[in-house]
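Containing mmCIF, C-alpha atoms: structure_23.cif.
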```
data_input
#
loop_
_atom_site.label_atom_id
_atom_site.label_comp_id
_atom_site.auth_asym_id
_atom_site.auth_seq_id
_atom_site.Cartn_x
_atom_site.Cartn_y
_atom_site.Cartn_z
CA MET D 1 0.00 0.00 0.00
CA THR D 2 1.40 3.37 -1.05
CA PRO D 3 1.34 6.47 1.21
CA LEU D 4 -1.28 7.95 -1.13
CA ASP D 5 -3.55 4.93 -0.64
CA LEU D 6 -3.10 5.12 3.12
CA ALA D 7 -3.97 8.81 3.06
CA GLY D 8 -7.05 7.93 1.03
CA TYR D 9 -8.28 5.62 3.79
CA LEU D 10 -7.60 8.27 6.44
CA ILE D 11 -9.50 11.02 4.62
CA ALA D 12 -12.39 8.68 3.81
CA GLY D 13 -12.54 7.72 7.48
CA LEU D 14 -12.43 11.37 8.52
CA MET D 15 -15.29 12.31 6.21
CA THR D 16 -17.29 9.28 7.38
CA ALA D 17 -16.73 10.19 11.03
CA VAL D 18 -17.92 13.74 10.41
CA ALA D 19 -21.00 12.44 8.54
CA LEU D 20 -21.89 10.08 11.39
CA TRP D 21 -21.29 12.81 13.96
CA ARG D 22 -23.60 15.24 12.18
CA MET D 23 -26.24 12.63 11.26
CA PRO D 24 -28.42 12.83 14.43
CA ALA D 25 -28.84 16.60 14.15
CA ALA D 26 -29.63 16.28 10.45
CA LEU D 27 -32.17 13.47 10.79
CA TRP D 28 -33.88 14.47 14.03
CA GLY D 29 -33.29 18.21 14.22
CA ASP D 30 -35.70 21.03 13.56
CA GLU D 31 -37.73 20.51 10.43
CA GLU D 32 -36.94 24.05 9.34
CA ASP D 33 -33.17 23.69 9.73
CA ARG D 34 -32.20 22.93 6.14
CA ARG D 35 -28.54 23.78 6.71
CA ARG D 36 -27.82 20.69 8.79
CA ARG D 37 -29.49 18.38 6.32
CA ALA D 38 -27.76 19.92 3.33
CA LEU D 39 -24.35 19.82 4.98
CA TRP D 40 -24.87 16.27 6.17
CA GLY D 41 -25.91 15.21 2.65
CA CYS D 42 -22.68 16.72 1.38
CA TYR D 43 -20.61 14.86 3.98
CA ALA D 44 -22.38 11.57 3.32
CA GLY D 45 -22.06 11.88 -0.46
CA PHE D 46 -18.37 12.72 -0.37
CA ALA D 47 -17.71 10.00 2.21
CA LEU D 48 -19.14 7.40 -0.19
CA ALA D 49 -17.20 8.91 -3.09
CA LEU D 50 -13.96 8.81 -1.10
CA TRP D 51 -14.46 5.18 -0.13
CA THR D 52 -14.80 4.22 -3.79
CA LYS D 53 -11.34 5.78 -4.32
CA THR D 54 -9.65 3.66 -1.65
CA GLU D 55 -7.47 0.82 -2.89
CA ALA D 56 -9.52 -2.19 -1.76
CA VAL D 57 -12.91 -0.80 -2.78
CA ARG D 58 -11.58 0.65 -6.03
CA ILE D 59 -9.97 -2.58 -7.19
CA GLY D 60 -12.93 -4.69 -6.07
CA LEU D 61 -15.52 -2.60 -7.92
CA ASN D 62 -13.40 -2.03 -11.03
CA ASN D 63 -12.88 -5.79 -11.40
CA SER D 64 -16.58 -6.57 -10.88
CA ALA D 65 -19.09 -7.56 -13.56
CA VAL D 66 -19.35 -3.86 -14.50
CA THR D 67 -15.81 -2.82 -15.39
CA ASP D 68 -14.65 0.42 -13.70
CA LEU D 69 -17.84 0.56 -11.64
CA ALA D 70 -15.99 2.45 -8.89
CA VAL D 71 -15.57 5.41 -11.23
CA LEU D 72 -19.28 5.63 -12.03
CA ILE D 73 -20.36 5.27 -8.39
CA LYS D 74 -17.80 7.87 -7.34
CA HIS D 75 -19.14 10.38 -9.83
CA TYR D 76 -22.77 9.64 -8.95
CA THR D 77 -22.21 10.23 -5.24
CA ALA D 78 -19.96 13.26 -5.80
CA THR D 79 -22.61 14.86 -8.04
CA VAL D 80 -25.24 14.46 -5.35
CA ALA D 81 -22.82 15.81 -2.73
CA ILE D 82 -22.11 18.87 -4.88
CA LEU D 83 -25.83 19.57 -5.19
CA ALA D 84 -26.05 19.34 -1.39
CA ILE D 85 -23.19 21.87 -1.08
CA LEU D 86 -25.03 24.36 -3.26
CA SER D 87 -28.19 23.83 -1.19
CA TYR D 88 -26.13 24.48 1.95
CA ILE D 89 -24.85 27.77 0.52
CA VAL D 90 -28.41 28.98 -0.02
CA ALA D 91 -29.55 27.73 3.39
CA ILE D 92 -26.84 29.58 5.35
CA TYR D 93 -28.16 32.92 4.10
CA GLY D 94 -31.50 32.28 5.81
CA SER D 95 -34.77 33.76 4.61
CA TYR D 96 -35.62 37.27 3.51
CA PRO D 97 -38.99 39.03 3.40
CA GLU D 98 -40.74 38.37 0.11
CA GLU D 99 -41.08 42.08 -0.62
CA GLY D 100 -37.76 43.12 0.91
CA ALA D 101 -34.42 43.66 -0.81
CA VAL D 102 -32.35 40.51 -1.30
CA PRO D 103 -28.56 40.95 -1.64
CA ARG D 104 -27.13 40.23 -5.07
CA HIS D 105 -24.91 37.36 -3.93
CA VAL D 106 -27.91 35.69 -2.27
CA ARG D 107 -29.95 36.00 -5.47
CA PHE D 108 -27.00 34.56 -7.37
CA ALA D 109 -26.72 31.60 -4.97
CA ARG D 110 -30.43 30.84 -5.29
CA LEU D 111 -30.22 30.98 -9.08
CA VAL D 112 -27.22 28.65 -9.07
CA GLN D 113 -29.05 26.19 -6.86
CA LYS D 114 -32.04 26.10 -9.18
CA LEU D 115 -29.81 25.57 -12.19
CA ALA D 116 -27.70 23.02 -10.32
CA ALA D 117 -30.70 20.77 -9.65
CA LYS D 118 -31.40 20.51 -13.36
CA ALA D 119 -27.70 20.33 -14.23
CA SER D 120 -27.22 17.47 -11.78
CA VAL D 121 -29.87 15.36 -13.45
CA ALA D 122 -28.47 16.15 -16.90
CA THR D 123 -24.93 15.39 -15.73
CA LEU D 124 -25.89 12.03 -14.25
CA ILE D 125 -27.73 11.00 -17.40
CA LEU D 126 -24.90 12.14 -19.69
CA LEU D 127 -22.23 10.47 -17.54
CA THR D 128 -24.15 7.19 -17.62
CA VAL D 129 -24.56 7.28 -21.39
CA LEU D 130 -20.93 8.17 -22.02
CA PHE D 131 -19.65 5.62 -19.52
CA PHE D 132 -21.39 2.73 -21.24
CA THR D 133 -20.85 3.91 -24.83
CA VAL D 134 -17.65 5.85 -25.50
CA VAL D 135 -15.35 4.93 -22.59
CA ASP D 136 -13.00 2.05 -23.37
CA ARG D 137 -13.63 -0.41 -20.54
CA SER D 138 -12.10 -3.47 -22.12
CA GLN D 139 -9.62 -3.70 -19.24
CA PRO D 140 -10.25 -2.70 -15.60
CA SER D 141 -8.31 0.42 -14.62
CA ASP D 142 -6.64 1.23 -11.33
CA ARG D 143 -6.01 4.95 -11.86
CA PHE D 144 -8.72 5.94 -14.32
CA VAL D 145 -7.26 9.26 -15.54
CA SER D 146 -3.69 8.04 -16.05
CA ASP D 147 -4.80 4.68 -17.48
CA HIS D 148 -7.08 6.38 -20.04
CA ALA D 149 -4.86 9.37 -20.87
CA GLY D 150 -5.03 10.07 -24.60
CA GLU D 151 -8.39 8.33 -25.12
CA GLY D 152 -11.07 10.58 -26.58
CA GLY D 153 -14.05 8.79 -25.00
CA ALA D 154 -12.66 8.89 -21.47
CA THR D 155 -11.58 12.51 -21.97
CA LEU D 156 -15.10 13.51 -23.00
CA TYR D 157 -16.59 11.59 -20.06
CA MET D 158 -14.29 13.17 -17.49
CA SER D 159 -14.68 16.64 -19.03
CA VAL D 160 -18.42 16.51 -18.42
CA PHE D 161 -17.89 15.65 -14.78
CA TYR D 162 -15.08 18.17 -14.29
CA LEU D 163 -17.16 20.94 -15.85
CA TYR D 164 -19.89 20.32 -13.27
CA LEU D 165 -17.39 19.90 -10.42
CA GLY D 166 -15.29 22.92 -11.36
CA ALA D 167 -18.26 25.25 -11.76
CA ALA D 168 -19.64 24.20 -8.38
CA SER D 169 -16.22 24.62 -6.75
CA ALA D 170 -15.87 28.12 -8.18
CA VAL D 171 -19.32 29.12 -6.93
CA CYS D 172 -18.57 27.74 -3.47
CA ALA D 173 -15.19 29.49 -3.31
CA PHE D 174 -16.77 32.82 -4.28
CA GLN D 175 -19.72 32.56 -1.89
CA TRP D 176 -17.67 31.34 1.06
CA ALA D 177 -15.03 34.01 0.50
CA LEU D 178 -17.78 36.65 0.81
CA ALA D 179 -19.14 34.94 3.92
CA THR D 180 -15.63 34.81 5.42
CA PHE D 181 -15.25 38.59 5.22
CA ASP D 182 -18.71 39.14 6.71
CA ALA D 183 -18.37 36.62 9.56
CA GLN D 184 -18.27 38.23 13.00
CA ARG D 185 -17.10 35.24 15.05
CA ARG D 186 -13.50 34.12 14.79
CA HIS D 187 -14.21 30.38 14.66
CA LEU D 188 -16.72 30.96 11.85
CA ARG D 189 -14.17 33.00 9.88
CA ILE D 190 -11.59 30.26 10.32
CA GLY D 191 -14.01 27.54 9.21
CA LEU D 192 -15.24 29.45 6.17
CA GLY D 193 -11.67 30.39 5.26
CA MET D 194 -10.63 26.73 5.30
CA MET D 195 -13.63 25.77 3.18
CA THR D 196 -12.85 28.57 0.72
CA PHE D 197 -9.26 27.35 0.43
CA ALA D 198 -10.55 23.82 -0.19
CA MET D 199 -12.74 25.03 -3.05
CA VAL D 200 -9.84 26.98 -4.58
CA ILE D 201 -7.90 23.71 -4.62
CA GLY D 202 -10.96 22.10 -6.22
CA VAL D 203 -10.97 24.62 -9.06
CA GLY D 204 -7.27 24.06 -9.66
CA TYR D 205 -7.80 20.29 -9.53
CA THR D 206 -10.53 20.24 -12.17
CA VAL D 207 -8.82 22.74 -14.51
CA SER D 208 -5.46 20.94 -14.37
CA ARG D 209 -6.99 17.52 -14.95
CA THR D 210 -9.18 18.72 -17.81
CA LEU D 211 -6.19 20.35 -19.53
CA PHE D 212 -4.10 17.22 -18.96
CA LEU D 213 -6.72 14.98 -20.56
CA TRP D 214 -7.24 17.15 -23.64
CA ILE D 215 -3.52 17.73 -24.15
CA SER D 216 -3.02 13.99 -23.85
CA VAL D 217 -5.40 13.44 -26.75
CA VAL D 218 -3.10 15.54 -28.94
CA ASP D 219 0.21 14.37 -27.47
CA GLU D 220 -0.11 11.16 -25.46
CA PRO D 221 2.15 11.32 -22.37
CA SER D 222 4.39 8.59 -21.12
CA GLU D 223 2.90 6.11 -18.68
CA GLU D 224 5.27 7.31 -15.94
CA PHE D 225 4.34 11.00 -16.41
CA ALA D 226 0.62 10.23 -16.51
CA LEU D 227 0.82 8.21 -13.30
CA ARG D 228 2.89 10.88 -11.57
CA PHE D 229 0.44 13.61 -12.58
CA ASP D 230 -2.47 11.51 -11.35
CA GLN D 231 -0.81 10.94 -7.98
CA ILE D 232 -0.02 14.63 -7.48
CA THR D 233 -3.55 15.77 -8.28
CA GLU D 234 -5.03 12.98 -6.15
CA ALA D 235 -2.90 14.14 -3.23
CA ALA D 236 -4.15 17.69 -3.78
CA GLN D 237 -7.73 16.44 -3.72
CA LEU D 238 -7.13 14.67 -0.40
CA VAL D 239 -5.84 17.95 1.01
CA LEU D 240 -9.00 19.57 -0.34
CA PHE D 241 -11.25 17.15 1.51
CA ALA D 242 -9.24 17.46 4.72
CA PHE D 243 -9.65 21.25 4.71
CA PHE D 244 -13.30 20.96 3.79
CA ALA D 245 -14.15 18.46 6.53
CA LEU D 246 -12.25 20.35 9.21
CA GLY D 247 -13.41 23.78 8.07
CA ALA D 248 -17.07 22.86 8.04
CA SER D 249 -16.64 21.31 11.49
CA VAL D 250 -14.88 24.26 13.17
CA PRO D 251 -18.15 26.00 14.21
CA ALA D 252 -19.46 22.70 15.52
CA PHE D 253 -16.21 22.14 17.42
CA ALA D 254 -16.61 25.61 18.96
CA ALA D 255 -20.17 24.80 19.96
CA GLY D 256 -19.01 21.47 21.38
CA ALA D 257 -16.26 23.19 23.36
CA ARG D 258 -18.84 25.59 24.78
CA ARG D 259 -21.08 22.67 25.78
CA ALA D 260 -18.09 21.03 27.47
CA ARG D 261 -17.38 24.24 29.41
CA LEU D 262 -21.02 24.41 30.47
CA TRP D 263 -20.90 20.77 31.56
CA ARG D 264 -17.80 21.44 33.66
CA ALA D 265 -19.46 24.53 35.14
CA GLN D 266 -22.45 22.44 36.21
CA VAL D 267 -20.18 19.85 37.81
CA ARG D 268 -18.29 22.53 39.74
CA LEU D 269 -21.33 24.58 40.77
CA HIS D 270 -23.56 21.70 41.84
CA ALA D 271 -22.36 21.27 45.43
CA LEU D 272 -22.70 24.97 46.24
CA TRP D 273 -26.02 25.29 44.43
CA TYR D 274 -27.42 22.13 46.04
CA GLU D 275 -26.66 23.24 49.61
CA LEU D 276 -28.10 26.69 49.05
CA MET D 277 -31.25 25.28 47.45
CA ALA D 278 -31.61 22.83 50.33
CA ALA D 279 -31.50 25.83 52.67
CA PHE D 280 -34.10 27.68 50.58
CA PRO D 281 -36.23 24.93 48.97
CA ASP D 282 -38.72 27.43 47.55
CA GLN D 283 -36.00 29.08 45.48
CA PRO D 284 -35.46 26.65 42.52
CA PHE D 285 -38.02 25.75 39.85
CA ASP D 286 -37.51 22.04 40.58
CA PRO D 287 -36.34 20.38 43.80
CA PRO D 288 -32.53 20.04 43.76
CA ALA D 289 -31.33 16.57 42.80
CA SER D 290 -28.01 14.74 42.65
CA LEU D 291 -25.39 15.77 40.13
CA ALA D 292 -26.04 12.72 37.95
CA ARG D 293 -29.75 13.48 37.84
CA GLU D 294 -29.21 17.16 37.08
CA LEU D 295 -26.83 16.38 34.22
CA THR D 296 -29.40 14.07 32.66
CA ARG D 297 -32.24 16.58 32.67
CA PHE D 298 -32.38 16.99 28.89
CA ASN D 299 -35.51 19.12 28.96
CA VAL D 300 -33.44 22.21 29.86
CA PRO D 301 -30.46 23.34 27.73
CA ALA D 302 -27.13 23.39 29.54
CA ASP D 303 -26.58 27.13 29.09
CA LEU D 304 -30.02 27.93 30.48
CA ARG D 305 -29.45 25.60 33.45
CA VAL D 306 -26.11 27.20 34.30
CA ASP D 307 -27.61 30.69 34.06
CA ARG D 308 -30.48 29.58 36.28
CA TRP D 309 -28.10 28.10 38.86
CA ALA D 310 -26.09 31.33 38.90
CA ALA D 311 -29.27 33.32 39.50
CA ASP D 312 -30.38 30.86 42.21
CA ILE D 313 -27.02 31.18 44.00
CA ALA D 314 -27.16 34.97 43.84
CA ASP D 315 -30.74 35.05 45.16
CA ALA D 316 -29.91 32.62 47.98
CA ALA D 317 -26.87 34.70 48.98
CA GLU D 318 -29.11 37.77 49.09
CA LYS D 319 -31.49 35.93 51.42
CA LEU D 320 -28.59 34.78 53.61
CA ARG D 321 -27.68 38.41 54.28
CA HIS D 322 -30.67 38.59 56.65
CA TYR D 323 -29.27 35.74 58.78
CA ALA D 324 -25.59 36.72 58.70
CA PRO D 325 -24.00 38.81 61.50
CA GLU D 326 -23.11 42.38 60.57
CA GLU D 327 -19.38 41.71 60.90
CA LEU D 328 -19.34 38.39 59.05
CA LEU D 329 -17.82 39.86 55.87
CA ASP D 330 -14.88 41.33 57.78
CA ALA D 331 -14.32 38.08 59.68
CA ALA D 332 -14.48 36.06 56.44
CA ALA D 333 -12.03 38.45 54.73
CA ARG D 334 -9.53 38.13 57.62
CA ALA D 335 -9.79 34.34 57.60
CA ALA D 336 -9.36 34.20 53.83
CA ALA D 337 -6.34 36.50 53.89
CA ARG D 338 -4.78 34.29 56.56
CA ASP D 339 -5.51 30.97 54.84
CA ALA D 340 -5.26 31.78 51.11
CA GLY D 341 -1.66 32.95 50.88
CA ASP D 342 -2.36 34.45 47.43
CA PRO D 343 -4.47 37.66 47.33
CA ARG D 344 -6.20 36.44 44.17
CA ARG D 345 -7.36 33.28 45.93
CA ALA D 346 -8.50 35.26 48.94
CA VAL D 347 -11.38 36.89 47.05
CA PRO D 348 -13.37 33.72 46.24
CA LEU D 349 -12.34 32.22 49.58
CA THR D 350 -13.88 35.21 51.35
CA ASP D 351 -17.20 34.55 49.58
CA ALA D 352 -16.94 30.86 50.40
CA TYR D 353 -16.34 31.52 54.12
CA TRP D 354 -19.18 34.03 54.17
CA ILE D 355 -21.68 31.63 52.54
CA ARG D 356 -20.71 28.65 54.69
CA ALA D 357 -20.82 30.69 57.92
CA ALA D 358 -24.12 32.37 56.97
CA LEU D 359 -25.66 28.95 56.32
CA LEU D 360 -24.50 27.82 59.77
CA ALA D 361 -26.08 30.92 61.29
CA LYS D 362 -29.40 30.16 59.58
CA GLU D 363 -29.27 26.50 60.57
CA SER D 364 -28.59 27.47 64.20
CA GLY D 365 -31.92 29.30 64.31
CA ALA D 366 -30.71 32.90 64.02
CA PRO D 367 -33.70 35.19 63.43
CA ALA D 368 -33.95 37.07 60.15
CA GLY D 369 -32.93 40.70 60.48
CA GLY D 370 -31.43 43.48 58.45
CA ALA D 371 -29.22 42.78 55.46
CA ALA D 372 -25.59 42.28 56.41
CA PRO D 373 -22.83 43.63 54.16
CA VAL D 374 -21.67 41.37 51.34
CA ALA D 375 -18.64 41.58 49.05
CA ALA D 376 -19.14 43.73 45.93
CA GLN D 377 -19.27 41.73 42.69
CA HIS D 378 -17.57 43.00 39.52
CA ALA D 379 -18.53 40.50 36.79
CA ALA D 380 -18.97 42.26 33.45
CA ASP D 381 -21.44 39.77 31.98
CA GLN D 382 -23.18 36.47 32.65
CA ASP D 383 -20.18 34.39 31.55
CA GLY D 384 -18.01 36.37 33.93
CA GLU D 385 -20.49 35.82 36.75
CA VAL D 386 -20.52 32.07 36.12
CA ALA D 387 -16.71 32.01 36.09
CA ARG D 388 -16.66 33.90 39.40
CA LEU D 389 -19.12 31.49 40.98
CA VAL D 390 -17.09 28.52 39.76
CA ARG D 391 -14.09 29.92 41.67
CA VAL D 392 -16.26 30.49 44.74
CA ALA D 393 -17.63 26.94 44.50
CA ALA D 394 -14.11 25.52 44.27
CA ALA D 395 -13.14 27.44 47.41
CA TYR D 396 -16.40 26.42 49.10
CA ARG D 397 -15.51 22.74 48.73
CA ARG D 398 -12.30 23.35 50.70
CA VAL D 399 -13.99 25.17 53.59
CA GLY D 400 -14.73 22.77 56.41
CA GLU D 401 -17.53 23.27 58.89
CA GLU D 402 -15.05 23.77 61.73
CA HIS D 403 -13.33 26.69 60.00
CA ALA D 404 -16.66 28.24 58.98
CA ARG D 405 -17.93 27.99 62.53
CA ALA D 406 -14.77 29.70 63.78
CA VAL D 407 -15.41 32.56 61.34
CA LEU D 408 -19.02 32.80 62.52
CA THR D 409 -17.91 32.84 66.16
CA ALA D 410 -15.40 35.59 65.45
CA ALA D 411 -18.06 37.65 63.68
CA THR D 412 -20.53 37.15 66.51
CA ALA D 413 -17.95 37.99 69.18
CA GLU D 414 -16.82 41.18 67.43
CA PRO D 415 -19.91 43.28 68.37
CA THR D 416 -19.64 42.06 71.97
CA ARG D 417 -15.99 43.15 72.21
CA THR D 418 -16.79 46.48 70.60
CA SER D 419 -19.71 47.06 72.95
CA THR D 420 -17.61 46.12 76.01
CA THR D 421 -14.82 48.46 74.96
CA ARG D 422 -17.22 51.35 74.49
CA THR D 423 -18.83 50.72 77.90
CA THR D 424 -15.41 50.71 79.60
CA GLU D 425 -14.42 53.95 77.89
CA THR D 426 -17.69 55.59 78.93
CA SER D 427 -17.25 54.55 82.62
CA THR D 428 -13.74 55.86 82.63
#
```
Written form, structure tokens:
Amino acid sequence: MTPLDLAGYLIAGLMTAVALWRMPAALWGDEEDRRRRALWGCYAGFALALWTKTEAVRIGLNNSAVTDLAVLIKHYTATVAILAILSYIVAIYGSYPEEGAVPRHVRFARLVQKLAAKASVATLILLTVLFFTVVDRSQPSDRFVSDHAGEGGATLYMSVFYLYLGAASAVCAFQWALATFDAQRRHLRIGLGMMTFAMVIGVGYTVSRTLFLWISVVDEPSEEFALRFDQITEAAQLVLFAFFALGASVPAFAAGARRARLWRAQVRLHALWYELMAAFPDQPFDPPASLARELTRFNVPADLRVDRWAADIADAAEKLRHYAPEELLDAAARAAARDAGDPRRAVPLTDAYWIRAALLAKESGAPAGGAAPVAAQHAADQDGEVARLVRVAAAYRRVGEEHARAVLTAATAEPTRTSTTRTTETST
């Protein structure tokens, strides 16, 4: 097996993995989400086409009852995949009001899609006719282009396919280049840029191969040169598919990374949230449950659940202010400064001491009173607030009941000492 054949298996496996990964969202997603279905159809079509190019499948099909069957199947599936790409381009622009202004590039994409549907049918019919009539299939081929270099029938057959493929690649490169410049999010720009680069390679691939075939009709190349040219262009096409698969997956990877961060945030916030909700059972929408149960509540999106937990924690802390001693914040700050060692760690540790000690005060039966001071919060947005609470929750897990009770005792004793000192000064 040559390195090129091994790379063919790897790229076919990559495209198949992406198609399987995106299949659930495409098959069971929102009925109105055409983008996922179109993109998945593209992945699935190209995955099948790439598998027909791998060594074992290619040789097996080409030596079957229908000589060079791998070539025909590859072009069938690639044609369908290209039509799916053009449908995806139209879908990503969304919908516009019927009477409103539609941008020129969107109108162009819609026109191309309409023409592509008819062109696809015509291409499939013409490829089938040419394949069974003018292509010399007396001997099975391994590398179709190099094996048939200089043959007029095969050149005509491949030219029809390359015309369709090259035109679609040019349209995709143009449309995705425009979308790249307009994209606001970095990961979307990166993904669209990679897909644009892939389509530029596709244009170069089809033009170079078409020129090679027609020049070969006039001046037939040596077998060694034809094979070398075929291998170079095949390697370029594998690079194309690698960039395409990865580029189209970058936004999904970003979304997956965000879901992973939300999952970690839930894991880290759960203990703090659970204890606060147990102290104020009327606070949450649903009774607090174990971490495993909370993570398997699929009726609420992860981002909404994390935002809700952050709001629940903030509301519970506000309620705890009415049970906390007036000097608890100062006592918690002193304990945190003593135990943290690092001033940056002292800030969340202060909040953790304050919450744990305030909960102990409530559990001990302290009556509700005025609102005690609480540390000022400086989060700029919701993500910043969640990140702050994650740090507080991490510190909260390290605060034992004994230390929290010592902080509460110090805060409770502080007013007594102050009052005693003032009484002594007055008597004197």
Query - Hits of the PyMOL selection byres ((chain D and resi 162) around 9) in this structure, as a ChimeraX atom specification - result: /D:157-161,163-167,205-207,209-210
**Report entry** Neighbour list for D:Ala335 as a ChimeraX atom specification, cut-off 8 Å, all atoms listed in the file, skip fewer than 6 positions in-chain
**Finding:** /D:350,353,407
Report task. Identify which of the residues D:Ser290, D:Gln237, D:Gln139, D:Thr412 lies closest to D:Ala324, counting all atoms listed in the file when measuring atom-to-atom distances. Result -> D:Thr412
Between stretch 59-157 of chain D and stretch 222-229 of chain D, at 9 Å or less, what are the per-residue closest atom pairs and their distances in Å? Count all atoms listed in the file, order by chain and rising residue number, and return it as JSON lines.
```
{"residue": "D:Arg143", "atom": "CA", "partner": "D:Leu227", "partner_atom": "CA", "distance": 7.7}
{"residue": "D:Val145", "atom": "CA", "partner": "D:Ala226", "partner_atom": "CA", "distance": 8.0}
{"residue": "D:Ser146", "atom": "CA", "partner": "D:Ala226", "partner_atom": "CA", "distance": 4.9}
{"residue": "D:Asp147", "atom": "CA", "partner": "D:Ala226", "partner_atom": "CA", "distance": 7.8}
{"residue": "D:Ala149", "atom": "CA", "partner": "D:Ala226", "partner_atom": "CA", "distance": 7.1}
```
Query raised in the report: What is the distance between atom CA of D:Gly191 and atom CA of D:Val250, in Å to one decimal?
Result: 5.2 Å
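Compared by their closest atoms to D:Ala183, and using all atoms listed in the file, the residues D:Pro251, D:Gly256, D:Pro373, D:Gly8 rank with D:Pro251 nearest.
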Query raised in the report: Any chance you could work out the residue set of the PyMOL selection byres ((chain D and resi 201) around 12) here, as a ChimeraX atom specification?
Result: /D:165-166,169-170,172-173,194-200,202-208,233-244
Query raised in the report: For this file, the PyMOL selection byres ((chain D and resi 59) around 12) selects which residues, as a ChimeraX atom specification?
Result: /D:5,51-58,60-64,66-71,140-144
Export of the given selection (C-alpha atoms) as a compact mmCIF listing (two decimals), keeping the file's coordinate frame:
```txt
# COMPACT_ATOMS: atom_id res chain seq x y z
CA ASP D 5 -3.55 4.93 -0.64
CA TRP D 51 -14.46 5.18 -0.13
CA THR D 52 -14.80 4.22 -3.79
CA LYS D 53 -11.34 5.78 -4.32
CA THR D 54 -9.65 3.66 -1.65
CA GLU D 55 -7.47 0.82 -2.89
CA ALA D 56 -9.52 -2.19 -1.76
CA VAL D 57 -12.91 -0.80 -2.78
CA ARG D 58 -11.58 0.65 -6.03
CA GLY D 60 -12.93 -4.69 -6.07
CA LEU D 61 -15.52 -2.60 -7.92
CA ASN D 62 -13.40 -2.03 -11.03
CA ASN D 63 -12.88 -5.79 -11.40
CA SER D 64 -16.58 -6.57 -10.88
CA VAL D 66 -19.35 -3.86 -14.50
CA THR D 67 -15.81 -2.82 -15.39
CA ASP D 68 -14.65 0.42 -13.70
CA LEU D 69 -17.84 0.56 -11.64
CA ALA D 70 -15.99 2.45 -8.89
CA VAL D 71 -15.57 5.41 -11.23
CA PRO D 140 -10.25 -2.70 -15.60
CA SER D 141 -8.31 0.42 -14.62
CA ASP D 142 -6.64 1.23 -11.33
CA ARG D 143 -6.01 4.95 -11.86
CA PHE D 144 -8.72 5.94 -14.32
```
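The shortest atom-to-atom distance to D:Gly41, with only C-alpha atoms taken into account, belongs to D:Leu83 out of D:Lys362, D:Pro3, D:Leu269, D:Leu83.
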Compile the contact shell of D:Ala340 as a compact mmCIF listing (two decimals) with C-alpha atoms, in the frame of the given file: residues with an atom at most 12 Å away, counting only C-alpha atoms, same-chain residues fewer than 3 positions apart removed.
```txt
# COMPACT_ATOMS: atom_id res chain seq x y z
CA ALA D 332 -14.48 36.06 56.44
CA ALA D 333 -12.03 38.45 54.73
CA ARG D 334 -9.53 38.13 57.62
CA ALA D 335 -9.79 34.34 57.60
CA ALA D 336 -9.36 34.20 53.83
CA ALA D 337 -6.34 36.50 53.89
CA PRO D 343 -4.47 37.66 47.33
CA ARG D 344 -6.20 36.44 44.17
CA ARG D 345 -7.36 33.28 45.93
CA ALA D 346 -8.50 35.26 48.94
CA VAL D 347 -11.38 36.89 47.05
CA PRO D 348 -13.37 33.72 46.24
CA LEU D 349 -12.34 32.22 49.58
CA THR D 350 -13.88 35.21 51.35
CA ALA D 352 -16.94 30.86 50.40
CA TYR D 353 -16.34 31.52 54.12
CA ALA D 395 -13.14 27.44 47.41
CA ARG D 398 -12.30 23.35 50.70
CA VAL D 399 -13.99 25.17 53.59
```
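Rounded to one decimal, atom CA of D:Asp351 and atom CA of D:Ala375 lie 7.2 Å from each other.
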Requested in this report: Enter the distance from atom CA of D:Tyr9 to atom CA of D:Leu48, in Å, rounded to one decimal.
Outcome: 11.7 Å
